[in-house]
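Heads up: the structure comes next, in structure tokens.
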Amino acid sequence: MGSRNKKKSSMSSLEHIGRFFILSSFYYFFLFKAVEFYYIEALAYINRGMNIPFASLSLLLLLLARMGMGAGTLTKVTTAQLDRAFPERASTSGCASITEFTSECATNEQAAQAITNAMAKYKVTGRGQVVALISLMAYESNKWQYNINHFPGRPGQGTRAMLMYSFVYAYAKQLYPSQVQGAWQTSSDNSTMNNVRALVLDNDDSFGAAFWYLTTVAKDFASADKLRSGNIDDFKAYIENGVHTTWDSGRGDIWTSVDKSIY
């Protein structure tokens with residue numbers, strides 16, 4: 001009887017712990033939603049030039065909530081998250097308005113699955129890393145509209161990350177070594193470069209290219225502490241010193257939208 005009582009007490013403790021975690025999860029979820037609501041209201045007040053102290057307090061609360069909920073790792077990216085960030089590509093009709101290069105456009109549903117696959121394949125799960133790579137790809141592909149470079153139309157340049165041909169070649173060579181000849185690395189033949197690019201344009205390979213680049217080429221930025229959650233300065237540093245391209249406000253706007261949507 002003593003052992004039964006002891007076992008019953010142990011199970012009761014586990015039940016209490018389980019309930020605590022469930023209630024805590026609900027609490028933090030609704031806390032975040034409440035703060036997000038006040039954040040939107042605060043911006044409305046700021047736009048009207050009213051109640052700046054209230055607006056500032058709301059922004060501070062949002063920051064604190066997101067520091068608690070936005071940090072850590074992700075196991076997947078969902079269609080709903082991308083729909084919040086890029087409503088233009090929501091649902092199966094997300095590409096319906098595209099009138100040129102229509103076969104290249106991807107919906108958020110297609111992007112979410114491919115990004116989730118890339119996270120697992122390249123073991124990139126830090127929230128800051130994932131937000132950064134999604135933001136990079138969305139900017140370069142005009143939110144999944146393009147899969148190859150059309151403006152000005154560089155031969156061999158493509159994937160959702162718009163890798164230049166030298167990186168496209170290295171990526172394709174790693175994925176499909178038997179199909180890519182060594183001599184093609186320095187090829188100046190447009191058809192050859194485009195054929196190499198074509199090998200890595202399906203959804204998984206194309207969305208995976210940004211993850212491959214981070215973990216293979218820009219390895220100095222591959223650790224989670226280099227692309228921290230909620231840190232736009234880290235993203236800017238990656239663009240300028242990891243991707244080696246120019247920063248502009250458009251990149252910042254997309255990052256902000258993604259950062260607010262992935263939680």
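Starting from 1 in every chain, residues are counted up; chains themselves are A, B, ... following the order of the structure tokens, and ligands are numbered from 1 as listed.
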
| request: Go through stretch 137-232 of chain A and collect every residue that DSSP, computed from the backbone, puts in alpha helix (DSSP H); the answer should be as a ChimeraX atom specification. | output: /A:137-140,165-175,190-198,203-216,232

Using only C-alpha atoms, which residues sit within 12 Å of A:Asp202 once same-chain residues fewer than 2 positions away are excluded, as a PDB file with C-alpha atoms, in the first residue's frame?
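Now in result.pdb:
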```
ATOM      1  CA  SER A 103       6.098  29.063 -64.485  1.00  0.00           C
ATOM      2  CA  GLU A 104       8.698  30.418 -62.061  1.00  0.00           C
ATOM      3  CA  CYS A 105       6.287  31.715 -59.441  1.00  0.00           C
ATOM      4  CA  ALA A 106       5.833  29.736 -56.219  1.00  0.00           C
ATOM      5  CA  GLN A 110       5.268  25.538 -51.881  1.00  0.00           C
ATOM      6  CA  ALA A 111       7.875  27.800 -50.310  1.00  0.00           C
ATOM      7  CA  ALA A 114      10.803  23.597 -49.415  1.00  0.00           C
ATOM      8  CA  ASN A 147      13.665  31.683 -60.134  1.00  0.00           C
ATOM      9  CA  ILE A 148      16.290  32.952 -62.599  1.00  0.00           C
ATOM     10  CA  GLY A 158      19.372  31.903 -60.388  1.00  0.00           C
ATOM     11  CA  THR A 159      17.652  29.994 -57.566  1.00  0.00           C
ATOM     12  CA  ARG A 160      15.478  31.866 -55.059  1.00  0.00           C
ATOM     13  CA  ALA A 172      25.003  21.898 -58.679  1.00  0.00           C
ATOM     14  CA  ARG A 197      21.458  26.344 -63.468  1.00  0.00           C
ATOM     15  CA  ALA A 198      18.503  24.274 -64.644  1.00  0.00           C
ATOM     16  CA  LEU A 199      19.688  21.379 -62.486  1.00  0.00           C
ATOM     17  CA  VAL A 200      18.942  23.298 -59.257  1.00  0.00           C
ATOM     18  CA  ASP A 204      13.730  21.970 -52.874  1.00  0.00           C
ATOM     19  CA  ASP A 205      17.015  22.822 -54.580  1.00  0.00           C
ATOM     20  CA  SER A 206      16.097  26.407 -55.379  1.00  0.00           C
ATOM     21  CA  PHE A 207      14.919  27.319 -51.877  1.00  0.00           C
ATOM     22  CA  GLY A 208      17.706  25.207 -50.418  1.00  0.00           C
ATOM     23  CA  ALA A 209      20.378  27.250 -52.193  1.00  0.00           C
TER      24      ALA A 209
END
```

| field | Distance query stretch 118-129 of chain A at most 9 Å, only C-alpha atoms, self and fewer than 5 positions along chain excluded, as a PyMOL selection string | value | chain A and resi 70-77+113+134+204-205+207-212+215+221-231+234-235+259+262-263
